[in-house]
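Report on the following structure.
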Amino acid sequence: MENYQETFLQIAQENIHRYGIDQLLDFIAKSDFFSAPASTKFHGSYPGGLVEHSVNVYRAMTKLNADYNLGYSEETIAITALFHDICKINFYKIENRNVKNDQGQWVTVQAYGVDEKIPLGHGEKSCIMLQWYIQLNIDELLAIRWHMGEFDTAVKGGDSACARAQDYCKLVPLLHIADMIATKIMESK
Ligand SMILES: [Fe+2]
Ligand SMILES: [Fe+2]
């Protein structure tokens with residue numbers, strides 16, 4: 001069984017040399033990032049799911065970057081992949097839920113729920129939190145902001161900025177597609 005925390009830190013330390021990265025990794029280490037799930041029930045809904053998902057996105061993104069000869073730097077790939085879901089820090093709680101068991105009886109089980117304390121959005125919040133520690137360039141900002149692609153609530157509300165961001169640079173669809181590959185293929189049961 002892979003130690004994803006170790007892998008995550010190794011990828012970050014080998015590829016990211018930007019001013020503030022030590023402070024960012026320190027913040028991550030003191031947070032619940034390495035123990036948090038990736039979602040409540042859709043993918044990686046177990047302790048450590050978030051760091052595993054982040055490493056999976058990095059691997060998918062690295063492969064696509066090479067296969068399509070996109071030429072993004074190792075640092076940009078590592079930053080956008082490893083930290084695109086940093087907004088999920090301090091975001092989940094364990095709660096009791098009533099479900100029917102195999103015999104049709106109601107039982108109480110523990111499950112993850114959302115406890116959003118700072119409602120700044122999803123991609124938006126990851127951008128804002130990252131910029132507390134490191135500077136992101138425009139491509140990285142756009143990729144992280146719009147990594148949910150057509151599933152972003154702003155898109156559902158009629159915002160056309162996601163489509164324009166996807167045309168602005170290939171890093172935007174690259175992160176979104178790698179996120180989908182990680183979620184729907186690498187992490188799908
Ligand atoms: Fe996300
Ligand atoms: Fe993600």
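Labels used: A, B, ... for chains in the order of the structure tokens, numbers from 1 for residues in each chain, and numbers from 1 for ligands as shown.
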Each residue of chain A lying at most 9 Å from ligand 1 should get a row with its shortest atom-to-atom pair and the distance in Å to one decimal, counting only C-alpha atoms and all ligand atoms; could you produce that, ordered by chain and increasing number, as JSON lines?
{"residue": "A:Ala38", "atom": "CA", "partner": "ligand 1", "partner_atom_place_in_ligand_line": "1 (Fe)", "distance": 8.7}
{"residue": "A:His84", "atom": "CA", "partner": "ligand 1", "partner_atom_place_in_ligand_line": "1 (Fe)", "distance": 6.3}
{"residue": "A:Asp85", "atom": "CA", "partner": "ligand 1", "partner_atom_place_in_ligand_line": "1 (Fe)", "distance": 4.8}
{"residue": "A:Ile86", "atom": "CA", "partner": "ligand 1", "partner_atom_place_in_ligand_line": "1 (Fe)", "distance": 8.4}
{"residue": "A:Cys87", "atom": "CA", "partner": "ligand 1", "partner_atom_place_in_ligand_line": "1 (Fe)", "distance": 8.0}
{"residue": "A:Lys88", "atom": "CA", "partner": "ligand 1", "partner_atom_place_in_ligand_line": "1 (Fe)", "distance": 8.1}
{"residue": "A:His122", "atom": "CA", "partner": "ligand 1", "partner_atom_place_in_ligand_line": "1 (Fe)", "distance": 6.5}
{"residue": "A:Gly123", "atom": "CA", "partner": "ligand 1", "partner_atom_place_in_ligand_line": "1 (Fe)", "distance": 6.6}
{"residue": "A:Ser126", "atom": "CA", "partner": "ligand 1", "partner_atom_place_in_ligand_line": "1 (Fe)", "distance": 8.7}
{"residue": "A:Ile144", "atom": "CA", "partner": "ligand 1", "partner_atom_place_in_ligand_line": "1 (Fe)", "distance": 8.4}
{"residue": "A:His147", "atom": "CA", "partner": "ligand 1", "partner_atom_place_in_ligand_line": "1 (Fe)", "distance": 6.5}
{"residue": "A:Met148", "atom": "CA", "partner": "ligand 1", "partner_atom_place_in_ligand_line": "1 (Fe)", "distance": 6.0}
{"residue": "A:His176", "atom": "CA", "partner": "ligand 1", "partner_atom_place_in_ligand_line": "1 (Fe)", "distance": 8.8}
{"residue": "A:Asp179", "atom": "CA", "partner": "ligand 1", "partner_atom_place_in_ligand_line": "1 (Fe)", "distance": 7.6}
Selection export as a PDB file, in the first residue's frame, atoms kept: C-alpha atoms:
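Saved to out_7.pdb:
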ATOM      1  CA  ALA A  38     -11.474  13.480  -1.199  1.00  0.00           C
ATOM      2  CA  HIS A  84      -6.014  22.214  -6.786  1.00  0.00           C
ATOM      3  CA  ASP A  85      -8.251  20.875  -3.977  1.00  0.00           C
ATOM      4  CA  ILE A  86      -6.541  22.674  -1.076  1.00  0.00           C
ATOM      5  CA  CYS A  87      -9.990  24.263  -0.495  1.00  0.00           C
ATOM      6  CA  LYS A  88     -11.006  20.916   1.052  1.00  0.00           C
ATOM      7  CA  HIS A 122     -14.288  25.726  -4.764  1.00  0.00           C
ATOM      8  CA  GLY A 123     -11.621  26.599  -7.337  1.00  0.00           C
ATOM      9  CA  SER A 126      -8.027  27.034  -3.633  1.00  0.00           C
ATOM     10  CA  ILE A 144      -7.123  25.907 -10.544  1.00  0.00           C
ATOM     11  CA  HIS A 147     -10.660  22.815 -12.651  1.00  0.00           C
ATOM     12  CA  MET A 148     -14.280  21.657 -12.181  1.00  0.00           C
ATOM     13  CA  HIS A 176      -9.794  19.451 -15.492  1.00  0.00           C
ATOM     14  CA  ASP A 179      -9.025  15.574 -12.337  1.00  0.00           C
TER      15      ASP A 179
END
Shell around Ile16 (chain A) at 12 Å using only C-alpha atoms, local window under 2 positions removed, as a PyMOL selection string = chain A and resi 8-14+18-22+24-25+73-83+134-136
Save out the residues we just selected, C-alpha atoms, as a compact mmCIF listing (two decimals), in the first residue's frame.
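Saved result, part15.txt, follows:
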# COMPACT_ATOMS: atom_id res chain seq x y z
CA PHE A 8 3.06 13.94 -2.18
CA LEU A 9 5.89 15.54 -0.20
CA GLN A 10 8.53 14.01 -2.46
CA ILE A 11 6.83 15.35 -5.61
CA ALA A 12 6.46 18.80 -4.01
CA GLN A 13 10.05 18.98 -2.74
CA GLU A 14 11.60 17.76 -5.99
CA ARG A 18 8.85 28.82 -5.64
CA TYR A 19 9.23 31.37 -2.86
CA GLY A 20 6.91 30.41 0.03
CA ILE A 21 6.67 26.68 -0.72
CA ASP A 22 8.17 25.74 2.68
CA LEU A 24 2.79 26.27 2.28
CA LEU A 25 3.96 22.72 3.09
CA SER A 73 7.06 22.87 -16.46
CA GLU A 74 7.34 20.20 -13.77
CA GLU A 75 6.75 22.97 -11.24
CA THR A 76 3.48 24.17 -12.81
CA ILE A 77 2.19 20.59 -13.11
CA ALA A 78 3.11 19.84 -9.48
CA ILE A 79 1.57 23.06 -8.09
CA THR A 80 -1.72 22.83 -9.97
CA ALA A 81 -2.18 19.07 -9.46
CA LEU A 82 -1.11 18.74 -5.83
CA PHE A 83 -2.92 21.83 -4.57
CA ILE A 134 3.03 31.25 -3.08
CA GLN A 135 2.49 33.39 -6.18
CA LEU A 136 0.62 31.73 -9.03
Legend entry - Nearest candidate to ligand 2 (options A:Val57, A:Ala161, A:Ile185, A:Ala143; using only C-alpha atoms and all ligand atoms):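 Distance minimum relative to ligand 2 lands on A:Val57.
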Compile the contact shell of region 95-98 of chain A as a PyMOL selection string: residues with an atom at most 12 Å away, counting only C-alpha atoms, same-chain residues fewer than 5 positions apart removed. chain A and resi 40+104-115
Could you write out that same residue set with C-alpha atoms as a JSON list (two decimals), in the first residue's frame?
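Result file follows (part_39.json):
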[["chain", "number", "residue", "atom", "x", "y", "z"],
["A", 40, "THR", "CA", -18.24, 12.71, 1.13],
["A", 104, "GLY", "CA", -34.07, -3.58, 6.05],
["A", 105, "GLN", "CA", -33.59, -2.24, 9.59],
["A", 106, "TRP", "CA", -32.64, 1.35, 10.29],
["A", 107, "VAL", "CA", -29.15, 1.66, 11.79],
["A", 108, "THR", "CA", -26.97, 4.65, 12.58],
["A", 109, "VAL", "CA", -23.61, 4.75, 10.81],
["A", 110, "GLN", "CA", -20.81, 7.33, 10.73],
["A", 111, "ALA", "CA", -20.27, 9.10, 7.43],
["A", 112, "TYR", "CA", -18.56, 12.20, 6.06],
["A", 113, "GLY", "CA", -20.57, 15.38, 5.68],
["A", 114, "VAL", "CA", -19.65, 18.89, 4.56],
["A", 115, "ASP", "CA", -18.93, 21.56, 7.13]]
Across A:Ser160, A:Asn56, A:Asn69, A:Thr153, the smallest distance to ligand 2, with only C-alpha atoms and all ligand atoms counted, is shown by A:Asn56
Closest of A:Lys125, A:Lys156, A:His43, A:Lys170 to ligand 2, counting only C-alpha atoms and all ligand atoms, is A:His43
